[in-house]
Amino acid sequence: MAVYLLCRICATVSHLLFTVAICSSTFALAQDEASTSSDQPAKPEFEKKEEDLVAKNELAEAGKLEILSRFTLATPLWNLDGFETLNEIWAAGTSDPNEQSRLKGLKKFSPEWWREMDMRYGVHPPVDESRIEETVTLGVVRTKAKVTMTNAMGASPNCRLCHSTVLFTTTDPNDPKPKLAEGIPNVFLDFERLHQNLSKSGHTSSGFLFAKNLPRFFIDSADFYGVLVPQLRPDGVKPSSLRYYSFFLEKHGSSYTKSVEAKVPLIPFLKPQPWTNYYWKTHGSEGKGLYVDGGFTGNVADVTYAMAINRDHLGKDYLEARETFKKTVPYYFSSLKTPRYPFIESVDEKSAEDGFKLFRENCANCHGDFEKTADKQYNLVSFPGKLVDPSELGTDPLRINNIFDMNIEEKKKFLSGTVVSTQKYVAPPLHGIWARGPYLHNASVPTLYDLLHSASRPKKYSMVPSSTDPNNFDQKRVGWKYVDQSEKSHDEILQMISQDTYIRVFDPDWRTAKQWKDLSNALSEVKGVPVDPSKPELYTGMLNTGHTFGDELSEDQRQQLLDFLKCL
């Protein structure tokens, strides 16, 4: 059952960010002076502003403020000073004297420094519509709490680091006019590498956040969060310092994630869910909510804040936070719009219209009905929220197979809402689909063309990480440009990574021989669900199979359908 829960939580707002906040060097629960006092902490200024906005019925604005501000109250994951010396970490990673000199000379927050942040980590500078006083980068805020035992200023990731990005908006590579794409997943984010580098530069605890969170990979496996929540906050409300310290320091120490992974071996790789789907997925007829299996409808903040917000030892601030989230953030999600395809002028109008006809005949039953509202512009008018059986869909089933022993009542300890086990996938809305690759829930398919022509899909691939460069986008295949690396062994891919500072990869063969054997052994102990321990490769969550509905199209029809999808 836990895969169902784990991956749902991974897909919730800021899924990874809250887990990692408790995995820093200190697993710091010491917040401000209020955490050691029986007095309630003073109400932050942003909460007062939220209350005013709610009173005025400006719920979307209140939700936006909540997303921007809540993690200023969180336990810091990093030392803020780590940003000052990141370039020294970069310089130490190369043996080229000229490159060392260039990197050492970069000034923090200079254009050249931001380019390195983009290419190395997928991290972008703040933009006006996402900036608050505490903003450090898009998706990282300065915390009011200090780093434990150092009294240094802290920094914490927030929701936007995973669930928003910056995209080019013009076709001119010299003037791409990048803009915030709120709710479009940041697929080039390399969270593990960012964590390791910032921890080293800020002299906090480095090391892997999760055994499966692989640096330089597109997607993460943050689903341990779903295992940790019931253990660390079993009543769903009151945080416990003793429980945190016992779990992380005494029982597991720095290798705690390996211990957890040994208990739950079948955790799939997932990419973040788009917030822009929220409105349509909550208005569908079957599946509801943000999650790819449509199994939960309710207050997603229950798990969002479960471990990150704990200033008050009785959990009062956590309860207030999730109620504010429940009251406001869905309105904000529902207000988000998807970015227009920047190359729209090059799209053939007739081809897109023919693609629209093909879509209505072949795709609308699952992905919804559209209407043409202007030249090369189509809007979704109804969304079925259709649940599709994995046997029909054929995509990697690990996301919706209920492998582990965790029943509905256990989930309800920290999920207020309707929790069901669908064992199916919800076909997603397709607005802004041009910008949401790589595709499928596990990022196993690099472009829309490959999604519509399964024989062309690479088993492994690499990409150059830049969402702000129009030259990095493949207009014909619709997606970020990639290189097929299917013939390379994992050792060869590691060698390639060592020689290329920026490249990202998708490689389902990343395990060592021992790790494959350990996975096979763990599979043999799984109860309640039939699995084949002799084929551990089927249980990695990284299969690129299924969704073969475009295979019968001709090349002309496939291009027409792609031209239509560019118009959404």
# chains A, B, ... in the order shown; residues from 1 in each chain; ligands from 1

$ residues_around --residues "Asp507 in chain A" --least-positions-apart "3" --cutoff "8 Å" --atoms "only C-alpha atoms" --output "ChimeraX atom specification"
/A:217,459-461,490,510

$ write_last_selection --atoms "C-alpha atoms" --output "PDB file, in the first residue's frame"
ATOM      1  CA  PHE A 217      19.488  12.451 -12.992  1.00  0.00           C
ATOM      2  CA  LYS A 459      16.171   3.359 -23.038  1.00  0.00           C
ATOM      3  CA  LYS A 460      18.729   5.881 -21.832  1.00  0.00           C
ATOM      4  CA  TYR A 461      19.267   9.471 -22.869  1.00  0.00           C
ATOM      5  CA  HIS A 490      26.268   2.716 -16.690  1.00  0.00           C
ATOM      6  CA  TRP A 510      22.264   2.772 -12.382  1.00  0.00           C
TER       7      TRP A 510
END

$ residues_around --residues "range 442-457 of chain A" --least-positions-apart "4" --cutoff "8 Å" --atoms "only C-alpha atoms" --output "PyMOL selection string"
chain A and resi 218-219+268-271+434+437-438+461+476-480+482+506+541-551+558+562

$ write_last_selection --atoms "C-alpha atoms" --output "short mmCIF file (atom, residue, chain, number, x, y, z; two decimals), in the first residue's frame"
data_model
loop_
_atom_site.label_atom_id
_atom_site.label_comp_id
_atom_site.auth_asym_id
_atom_site.auth_seq_id
_atom_site.Cartn_x
_atom_site.Cartn_y
_atom_site.Cartn_z
CA PHE A 218 16.22 14.04 -14.16
CA ILE A 219 13.96 12.61 -11.53
CA PRO A 268 9.56 4.37 -8.06
CA PHE A 269 11.22 7.36 -9.63
CA LEU A 270 8.86 10.25 -10.27
CA LYS A 271 8.96 13.77 -11.59
CA TRP A 434 4.99 21.36 -24.86
CA GLY A 437 8.82 17.04 -20.92
CA PRO A 438 10.40 14.62 -20.40
CA TYR A 461 19.27 9.47 -22.87
CA LYS A 476 9.87 18.90 -34.58
CA ARG A 477 9.82 16.29 -31.83
CA VAL A 478 8.42 18.76 -29.25
CA GLY A 479 10.59 18.54 -26.18
CA TRP A 480 14.08 19.34 -24.96
CA TYR A 482 18.39 14.85 -26.21
CA PHE A 506 18.11 9.07 -17.64
CA GLY A 541 9.89 2.57 -11.64
CA MET A 542 11.91 3.63 -14.71
CA LEU A 543 10.31 1.65 -17.55
CA ASN A 544 9.53 3.65 -20.71
CA THR A 545 6.79 1.31 -21.87
CA GLY A 546 3.12 1.90 -22.63
CA HIS A 547 0.97 4.70 -24.04
CA THR A 548 1.34 3.24 -27.52
CA PHE A 549 -1.82 4.89 -28.84
CA GLY A 550 0.11 6.88 -31.46
CA ASP A 551 1.92 3.94 -32.99
CA ARG A 558 1.74 12.18 -36.03
CA LEU A 562 2.01 17.35 -32.57
#

$ residues_around --residues "Gln499 in chain A" --least-positions-apart "4" --cutoff "12 Å" --atoms "only C-alpha atoms" --output "count of residues only"
9

$ closest_residue --among "A:His367, A:His203, A:Lys386, A:Lys327" --to "Gly287 in chain A" --atoms "only C-alpha atoms"
A:Lys386

$ closest_residue --among "A:Pro111, A:Pro274, A:Pro44, A:Pro157" --to "Ile433 in chain A" --atoms "only C-alpha atoms"
A:Pro274

$ residues_around --residues "Ser130 in chain A" --least-positions-apart "6" --cutoff "12 Å" --atoms "only C-alpha atoms" --output "PyMOL selection string"
chain A and resi 61+64-69+124+136-141+158-161+164-166+179-182

$ select_by_dssp --residues "range 338-563 of chain A" --states "alpha helix (DSSP H)" --output "PDB file with N, CA and C atoms, in the first residue's frame"
ATOM      1  N   GLU A 349      -1.240  26.255 -39.566  1.00  0.00           N
ATOM      2  CA  GLU A 349      -2.631  26.305 -39.091  1.00  0.00           C
ATOM      3  C   GLU A 349      -3.439  25.090 -39.564  1.00  0.00           C
ATOM      4  N   LYS A 350      -3.307  24.748 -40.827  1.00  0.00           N
ATOM      5  CA  LYS A 350      -4.066  23.623 -41.375  1.00  0.00           C
ATOM      6  C   LYS A 350      -3.636  22.312 -40.719  1.00  0.00           C
ATOM      7  N   SER A 351      -2.340  22.154 -40.524  1.00  0.00           N
ATOM      8  CA  SER A 351      -1.838  20.945 -39.881  1.00  0.00           C
ATOM      9  C   SER A 351      -2.388  20.825 -38.464  1.00  0.00           C
ATOM     10  N   ALA A 352      -2.425  21.927 -37.720  1.00  0.00           N
ATOM     11  CA  ALA A 352      -2.951  21.904 -36.360  1.00  0.00           C
ATOM     12  C   ALA A 352      -4.436  21.557 -36.360  1.00  0.00           C
ATOM     13  N   GLU A 353      -5.187  22.065 -37.321  1.00  0.00           N
ATOM     14  CA  GLU A 353      -6.621  21.742 -37.401  1.00  0.00           C
ATOM     15  C   GLU A 353      -6.830  20.262 -37.698  1.00  0.00           C
ATOM     16  N   ASP A 354      -6.008  19.729 -38.596  1.00  0.00           N
ATOM     17  CA  ASP A 354      -6.099  18.291 -38.880  1.00  0.00           C
ATOM     18  C   ASP A 354      -5.721  17.483 -37.631  1.00  0.00           C
ATOM     19  N   GLY A 355      -4.731  17.982 -36.887  1.00  0.00           N
ATOM     20  CA  GLY A 355      -4.351  17.323 -35.646  1.00  0.00           C
ATOM     21  C   GLY A 355      -5.460  17.371 -34.615  1.00  0.00           C
ATOM     22  N   PHE A 356      -6.214  18.462 -34.608  1.00  0.00           N
ATOM     23  CA  PHE A 356      -7.358  18.592 -33.693  1.00  0.00           C
ATOM     24  C   PHE A 356      -8.390  17.511 -33.977  1.00  0.00           C
ATOM     25  N   LYS A 357      -8.631  17.250 -35.266  1.00  0.00           N
ATOM     26  CA  LYS A 357      -9.583  16.200 -35.633  1.00  0.00           C
ATOM     27  C   LYS A 357      -9.081  14.831 -35.170  1.00  0.00           C
ATOM     28  N   LEU A 358      -7.781  14.594 -35.360  1.00  0.00           N
ATOM     29  CA  LEU A 358      -7.211  13.327 -34.902  1.00  0.00           C
ATOM     30  C   LEU A 358      -7.311  13.206 -33.383  1.00  0.00           C
ATOM     31  N   PHE A 359      -7.078  14.305 -32.703  1.00  0.00           N
ATOM     32  CA  PHE A 359      -7.166  14.289 -31.245  1.00  0.00           C
ATOM     33  C   PHE A 359      -8.578  13.926 -30.794  1.00  0.00           C
ATOM     34  N   ARG A 360      -9.581  14.551 -31.395  1.00  0.00           N
ATOM     35  CA  ARG A 360     -10.960  14.258 -31.003  1.00  0.00           C
ATOM     36  C   ARG A 360     -11.310  12.794 -31.253  1.00  0.00           C
ATOM     37  N   GLU A 361     -10.745  12.223 -32.297  1.00  0.00           N
ATOM     38  CA  GLU A 361     -11.055  10.842 -32.642  1.00  0.00           C
ATOM     39  C   GLU A 361     -10.315   9.838 -31.755  1.00  0.00           C
ATOM     40  N   ASN A 362      -9.109  10.210 -31.315  1.00  0.00           N
ATOM     41  CA  ASN A 362      -8.234   9.228 -30.670  1.00  0.00           C
ATOM     42  C   ASN A 362      -7.880   9.516 -29.213  1.00  0.00           C
ATOM     43  N   ALA A 364      -9.427  12.437 -27.059  1.00  0.00           N
ATOM     44  CA  ALA A 364     -10.296  13.275 -26.226  1.00  0.00           C
ATOM     45  C   ALA A 364     -11.014  12.474 -25.152  1.00  0.00           C
ATOM     46  N   ASN A 365     -11.275  11.222 -25.419  1.00  0.00           N
ATOM     47  CA  ASN A 365     -12.006  10.413 -24.449  1.00  0.00           C
ATOM     48  C   ASN A 365     -11.300  10.351 -23.098  1.00  0.00           C
ATOM     49  N   CYS A 366      -9.967  10.418 -23.131  1.00  0.00           N
ATOM     50  CA  CYS A 366      -9.192  10.400 -21.891  1.00  0.00           C
ATOM     51  C   CYS A 366      -8.702  11.787 -21.478  1.00  0.00           C
ATOM     52  N   HIS A 367      -8.291  12.578 -22.468  1.00  0.00           N
ATOM     53  CA  HIS A 367      -7.609  13.831 -22.146  1.00  0.00           C
ATOM     54  C   HIS A 367      -8.509  15.060 -22.216  1.00  0.00           C
ATOM     55  N   PRO A 390      -3.959  -0.044 -15.774  1.00  0.00           N
ATOM     56  CA  PRO A 390      -2.569  -0.189 -16.235  1.00  0.00           C
ATOM     57  C   PRO A 390      -2.406  -1.226 -17.333  1.00  0.00           C
ATOM     58  N   SER A 391      -3.275  -2.212 -17.375  1.00  0.00           N
ATOM     59  CA  SER A 391      -3.173  -3.206 -18.433  1.00  0.00           C
ATOM     60  C   SER A 391      -3.498  -2.602 -19.794  1.00  0.00           C
ATOM     61  N   GLU A 392      -4.329  -1.578 -19.803  1.00  0.00           N
ATOM     62  CA  GLU A 392      -4.651  -0.874 -21.051  1.00  0.00           C
ATOM     63  C   GLU A 392      -3.584   0.156 -21.383  1.00  0.00           C
ATOM     64  N   LEU A 393      -3.099   0.823 -20.366  1.00  0.00           N
ATOM     65  CA  LEU A 393      -2.149   1.905 -20.584  1.00  0.00           C
ATOM     66  C   LEU A 393      -0.746   1.374 -20.859  1.00  0.00           C
ATOM     67  N   ILE A 408      -5.698   2.035   4.617  1.00  0.00           N
ATOM     68  CA  ILE A 408      -6.349   3.332   4.488  1.00  0.00           C
ATOM     69  C   ILE A 408      -6.385   4.072   5.816  1.00  0.00           C
ATOM     70  N   GLU A 409      -6.622   3.364   6.904  1.00  0.00           N
ATOM     71  CA  GLU A 409      -6.713   4.028   8.206  1.00  0.00           C
ATOM     72  C   GLU A 409      -5.377   4.648   8.600  1.00  0.00           C
ATOM     73  N   GLU A 410      -4.267   3.983   8.252  1.00  0.00           N
ATOM     74  CA  GLU A 410      -2.972   4.562   8.545  1.00  0.00           C
ATOM     75  C   GLU A 410      -2.756   5.859   7.769  1.00  0.00           C
ATOM     76  N   LYS A 411      -3.209   5.865   6.510  1.00  0.00           N
ATOM     77  CA  LYS A 411      -3.084   7.078   5.719  1.00  0.00           C
ATOM     78  C   LYS A 411      -3.891   8.212   6.326  1.00  0.00           C
ATOM     79  N   LEU A 448       7.484  14.473 -27.067  1.00  0.00           N
ATOM     80  CA  LEU A 448       6.127  14.057 -27.441  1.00  0.00           C
ATOM     81  C   LEU A 448       6.142  13.146 -28.661  1.00  0.00           C
ATOM     82  N   TYR A 449       7.070  13.359 -29.568  1.00  0.00           N
ATOM     83  CA  TYR A 449       7.168  12.460 -30.716  1.00  0.00           C
ATOM     84  C   TYR A 449       7.428  11.041 -30.246  1.00  0.00           C
ATOM     85  N   ASP A 450       8.359  10.873 -29.330  1.00  0.00           N
ATOM     86  CA  ASP A 450       8.665   9.540 -28.809  1.00  0.00           C
ATOM     87  C   ASP A 450       7.474   8.957 -28.061  1.00  0.00           C
ATOM     88  N   LEU A 451       6.695   9.823 -27.435  1.00  0.00           N
ATOM     89  CA  LEU A 451       5.502   9.334 -26.744  1.00  0.00           C
ATOM     90  C   LEU A 451       4.494   8.781 -27.735  1.00  0.00           C
ATOM     91  N   LEU A 452       4.434   9.384 -28.929  1.00  0.00           N
ATOM     92  CA  LEU A 452       3.484   8.956 -29.957  1.00  0.00           C
ATOM     93  C   LEU A 452       4.072   7.921 -30.910  1.00  0.00           C
ATOM     94  N   HIS A 490      26.345   1.695 -17.732  1.00  0.00           N
ATOM     95  CA  HIS A 490      26.268   2.716 -16.690  1.00  0.00           C
ATOM     96  C   HIS A 490      27.642   3.295 -16.381  1.00  0.00           C
ATOM     97  N   ASP A 491      28.677   2.462 -16.425  1.00  0.00           N
ATOM     98  CA  ASP A 491      30.035   2.963 -16.197  1.00  0.00           C
ATOM     99  C   ASP A 491      30.406   4.003 -17.253  1.00  0.00           C
ATOM    100  N   GLU A 492      30.003   3.753 -18.485  1.00  0.00           N
ATOM    101  CA  GLU A 492      30.290   4.721 -19.553  1.00  0.00           C
ATOM    102  C   GLU A 492      29.516   6.017 -19.341  1.00  0.00           C
ATOM    103  N   ILE A 493      28.293   5.904 -18.825  1.00  0.00           N
ATOM    104  CA  ILE A 493      27.513   7.108 -18.538  1.00  0.00           C
ATOM    105  C   ILE A 493      28.149   7.886 -17.388  1.00  0.00           C
ATOM    106  N   LEU A 494      28.643   7.180 -16.382  1.00  0.00           N
ATOM    107  CA  LEU A 494      29.346   7.856 -15.290  1.00  0.00           C
ATOM    108  C   LEU A 494      30.586   8.584 -15.814  1.00  0.00           C
ATOM    109  N   GLN A 495      31.285   7.949 -16.738  1.00  0.00           N
ATOM    110  CA  GLN A 495      32.452   8.588 -17.339  1.00  0.00           C
ATOM    111  C   GLN A 495      32.040   9.840 -18.101  1.00  0.00           C
ATOM    112  N   MET A 496      30.931   9.753 -18.823  1.00  0.00           N
ATOM    113  CA  MET A 496      30.421  10.900 -19.571  1.00  0.00           C
ATOM    114  C   MET A 496      30.070  12.051 -18.629  1.00  0.00           C
ATOM    115  N   ILE A 497      29.436  11.712 -17.494  1.00  0.00           N
ATOM    116  CA  ILE A 497      29.081  12.728 -16.509  1.00  0.00           C
ATOM    117  C   ILE A 497      30.332  13.397 -15.950  1.00  0.00           C
ATOM    118  N   SER A 498      31.375  12.603 -15.722  1.00  0.00           N
ATOM    119  CA  SER A 498      32.606  13.163 -15.157  1.00  0.00           C
ATOM    120  C   SER A 498      33.273  14.137 -16.113  1.00  0.00           C
ATOM    121  N   GLN A 499      33.012  13.974 -17.407  1.00  0.00           N
ATOM    122  CA  GLN A 499      33.643  14.829 -18.409  1.00  0.00           C
ATOM    123  C   GLN A 499      32.782  16.013 -18.817  1.00  0.00           C
ATOM    124  N   ALA A 513      25.990  -4.320  -9.311  1.00  0.00           N
ATOM    125  CA  ALA A 513      25.592  -5.728  -9.273  1.00  0.00           C
ATOM    126  C   ALA A 513      25.056  -6.096  -7.889  1.00  0.00           C
ATOM    127  N   LYS A 514      25.687  -5.591  -6.858  1.00  0.00           N
ATOM    128  CA  LYS A 514      25.239  -5.876  -5.499  1.00  0.00           C
ATOM    129  C   LYS A 514      23.864  -5.257  -5.237  1.00  0.00           C
ATOM    130  N   GLN A 515      23.657  -4.047  -5.721  1.00  0.00           N
ATOM    131  CA  GLN A 515      22.357  -3.396  -5.509  1.00  0.00           C
ATOM    132  C   GLN A 515      21.238  -4.119  -6.246  1.00  0.00           C
ATOM    133  N   TRP A 516      21.534  -4.645  -7.438  1.00  0.00           N
ATOM    134  CA  TRP A 516      20.522  -5.440  -8.144  1.00  0.00           C
ATOM    135  C   TRP A 516      20.192  -6.707  -7.343  1.00  0.00           C
ATOM    136  N   LYS A 517      21.227  -7.312  -6.783  1.00  0.00           N
ATOM    137  CA  LYS A 517      20.999  -8.518  -5.983  1.00  0.00           C
ATOM    138  C   LYS A 517      20.189  -8.191  -4.732  1.00  0.00           C
ATOM    139  N   ASP A 518      20.514  -7.059  -4.086  1.00  0.00           N
ATOM    140  CA  ASP A 518      19.760  -6.646  -2.900  1.00  0.00           C
ATOM    141  C   ASP A 518      18.298  -6.390  -3.248  1.00  0.00           C
ATOM    142  N   LEU A 519      18.056  -5.768  -4.405  1.00  0.00           N
ATOM    143  CA  LEU A 519      16.684  -5.510  -4.826  1.00  0.00           C
ATOM    144  C   LEU A 519      15.955  -6.825  -5.074  1.00  0.00           C
ATOM    145  N   SER A 520      16.626  -7.765  -5.709  1.00  0.00           N
ATOM    146  CA  SER A 520      16.016  -9.066  -5.965  1.00  0.00           C
ATOM    147  C   SER A 520      15.665  -9.773  -4.655  1.00  0.00           C
ATOM    148  N   ASN A 521      16.568  -9.698  -3.683  1.00  0.00           N
ATOM    149  CA  ASN A 521      16.304 -10.308  -2.377  1.00  0.00           C
ATOM    150  C   ASN A 521      15.129  -9.636  -1.684  1.00  0.00           C
ATOM    151  N   ALA A 522      15.062  -8.316  -1.790  1.00  0.00           N
ATOM    152  CA  ALA A 522      13.964  -7.589  -1.163  1.00  0.00           C
ATOM    153  C   ALA A 522      12.630  -7.942  -1.824  1.00  0.00           C
ATOM    154  N   LEU A 523      12.658  -8.155  -3.125  1.00  0.00           N
ATOM    155  CA  LEU A 523      11.427  -8.528  -3.840  1.00  0.00           C
ATOM    156  C   LEU A 523      10.907  -9.873  -3.351  1.00  0.00           C
ATOM    157  N   GLU A 555       3.283   9.041 -40.307  1.00  0.00           N
ATOM    158  CA  GLU A 555       4.182  10.132 -39.913  1.00  0.00           C
ATOM    159  C   GLU A 555       3.501  11.488 -40.098  1.00  0.00           C
ATOM    160  N   ASP A 556       2.745  11.644 -41.173  1.00  0.00           N
ATOM    161  CA  ASP A 556       2.039  12.916 -41.398  1.00  0.00           C
ATOM    162  C   ASP A 556       1.009  13.152 -40.296  1.00  0.00           C
ATOM    163  N   GLN A 557       0.262  12.120 -39.944  1.00  0.00           N
ATOM    164  CA  GLN A 557      -0.737  12.267 -38.885  1.00  0.00           C
ATOM    165  C   GLN A 557      -0.081  12.585 -37.543  1.00  0.00           C
ATOM    166  N   ARG A 558       1.038  11.944 -37.287  1.00  0.00           N
ATOM    167  CA  ARG A 558       1.741  12.184 -36.028  1.00  0.00           C
ATOM    168  C   ARG A 558       2.189  13.644 -35.946  1.00  0.00           C
ATOM    169  N   GLN A 559       2.680  14.178 -37.060  1.00  0.00           N
ATOM    170  CA  GLN A 559       3.114  15.575 -37.060  1.00  0.00           C
ATOM    171  C   GLN A 559       1.932  16.519 -36.902  1.00  0.00           C
ATOM    172  N   GLN A 560       0.804  16.178 -37.495  1.00  0.00           N
ATOM    173  CA  GLN A 560      -0.395  16.997 -37.341  1.00  0.00           C
ATOM    174  C   GLN A 560      -0.851  17.032 -35.885  1.00  0.00           C
ATOM    175  N   LEU A 561      -0.824  15.878 -35.260  1.00  0.00           N
ATOM    176  CA  LEU A 561      -1.221  15.826 -33.859  1.00  0.00           C
ATOM    177  C   LEU A 561      -0.253  16.635 -32.997  1.00  0.00           C
ATOM    178  N   LEU A 562       1.031  16.561 -33.303  1.00  0.00           N
ATOM    179  CA  LEU A 562       2.011  17.354 -32.566  1.00  0.00           C
ATOM    180  C   LEU A 562       1.779  18.848 -32.767  1.00  0.00           C
ATOM    181  N   ASP A 563       1.425  19.250 -33.977  1.00  0.00           N
ATOM    182  CA  ASP A 563       1.144  20.666 -34.232  1.00  0.00           C
ATOM    183  C   ASP A 563      -0.059  21.133 -33.426  1.00  0.00           C
TER     184      ASP A 563
END

$ decode --residues "range 464-487 of chain A" --atoms "N, CA and C atoms" --output "mmCIF file, in the first residue's frame"
data_model
loop_
_atom_site.group_PDB
_atom_site.id
_atom_site.type_symbol
_atom_site.label_atom_id
_atom_site.label_comp_id
_atom_site.auth_asym_id
_atom_site.auth_seq_id
_atom_site.Cartn_x
_atom_site.Cartn_y
_atom_site.Cartn_z
ATOM 1 N N VAL A 464 21.073 18.509 -22.256
ATOM 2 C CA VAL A 464 21.733 19.695 -21.721
ATOM 3 C C VAL A 464 20.678 20.500 -20.974
ATOM 4 N N PRO A 465 20.933 20.843 -19.729
ATOM 5 C CA PRO A 465 19.875 21.442 -18.904
ATOM 6 C C PRO A 465 19.763 22.957 -19.073
ATOM 7 N N SER A 466 18.889 23.394 -19.946
ATOM 8 C CA SER A 466 18.567 24.820 -19.992
ATOM 9 C C SER A 466 17.154 24.989 -20.505
ATOM 10 N N SER A 467 16.284 25.480 -19.644
ATOM 11 C CA SER A 467 14.906 25.750 -20.045
ATOM 12 C C SER A 467 14.739 27.182 -20.528
ATOM 13 N N THR A 468 15.817 27.958 -20.546
ATOM 14 C CA THR A 468 15.735 29.356 -20.958
ATOM 15 C C THR A 468 16.371 29.600 -22.320
ATOM 16 N N ASP A 469 16.870 28.559 -22.971
ATOM 17 C CA ASP A 469 17.528 28.691 -24.274
ATOM 18 C C ASP A 469 16.648 28.081 -25.354
ATOM 19 N N PRO A 470 16.110 28.902 -26.276
ATOM 20 C CA PRO A 470 15.267 28.337 -27.341
ATOM 21 C C PRO A 470 16.004 27.355 -28.229
ATOM 22 N N ASN A 471 17.332 27.475 -28.317
ATOM 23 C CA ASN A 471 18.098 26.529 -29.132
ATOM 24 C C ASN A 471 18.134 25.135 -28.521
ATOM 25 N N ASN A 472 17.745 25.023 -27.257
ATOM 26 C CA ASN A 472 17.756 23.724 -26.584
ATOM 27 C C ASN A 472 16.434 22.978 -26.768
ATOM 28 N N PHE A 473 15.524 23.555 -27.542
ATOM 29 C CA PHE A 473 14.199 22.941 -27.728
ATOM 30 C C PHE A 473 14.085 22.369 -29.132
ATOM 31 N N ASP A 474 13.579 21.145 -29.216
ATOM 32 C CA ASP A 474 13.378 20.457 -30.491
ATOM 33 C C ASP A 474 11.945 20.706 -30.959
ATOM 34 N N GLN A 475 11.779 21.578 -31.952
ATOM 35 C CA GLN A 475 10.438 21.945 -32.407
ATOM 36 C C GLN A 475 9.741 20.800 -33.128
ATOM 37 N N LYS A 476 10.494 19.975 -33.819
ATOM 38 C CA LYS A 476 9.870 18.899 -34.578
ATOM 39 C C LYS A 476 9.364 17.785 -33.673
ATOM 40 N N ARG A 477 10.201 17.382 -32.718
ATOM 41 C CA ARG A 477 9.817 16.292 -31.835
ATOM 42 C C ARG A 477 9.051 16.794 -30.609
ATOM 43 N N VAL A 478 9.105 18.076 -30.352
ATOM 44 C CA VAL A 478 8.425 18.755 -29.253
ATOM 45 C C VAL A 478 8.940 18.237 -27.899
ATOM 46 N N GLY A 479 9.969 18.880 -27.460
ATOM 47 C CA GLY A 479 10.589 18.539 -26.185
ATOM 48 C C GLY A 479 12.015 19.039 -26.179
ATOM 49 N N TRP A 480 12.689 18.917 -25.047
ATOM 50 C CA TRP A 480 14.079 19.344 -24.956
ATOM 51 C C TRP A 480 14.948 18.384 -25.755
ATOM 52 N N LYS A 481 15.943 18.929 -26.440
ATOM 53 C CA LYS A 481 16.819 18.118 -27.271
ATOM 54 C C LYS A 481 17.552 17.087 -26.408
ATOM 55 N N TYR A 482 17.736 15.909 -26.968
ATOM 56 C CA TYR A 482 18.391 14.847 -26.214
ATOM 57 C C TYR A 482 19.322 14.054 -27.109
ATOM 58 N N VAL A 483 20.176 13.274 -26.475
ATOM 59 C CA VAL A 483 21.068 12.349 -27.168
ATOM 60 C C VAL A 483 20.756 10.951 -26.677
ATOM 61 N N ASP A 484 20.527 10.032 -27.601
ATOM 62 C CA ASP A 484 20.249 8.639 -27.258
ATOM 63 C C ASP A 484 21.532 7.996 -26.728
ATOM 64 N N GLN A 485 21.484 7.542 -25.484
ATOM 65 C CA GLN A 485 22.648 6.907 -24.854
ATOM 66 C C GLN A 485 22.375 5.441 -24.544
ATOM 67 N N SER A 486 21.427 4.839 -25.257
ATOM 68 C CA SER A 486 20.976 3.484 -24.926
ATOM 69 C C SER A 486 22.086 2.446 -24.998
ATOM 70 N N GLU A 487 23.066 2.658 -25.857
ATOM 71 C CA GLU A 487 24.124 1.664 -26.030
ATOM 72 C C GLU A 487 25.209 1.756 -24.967
#
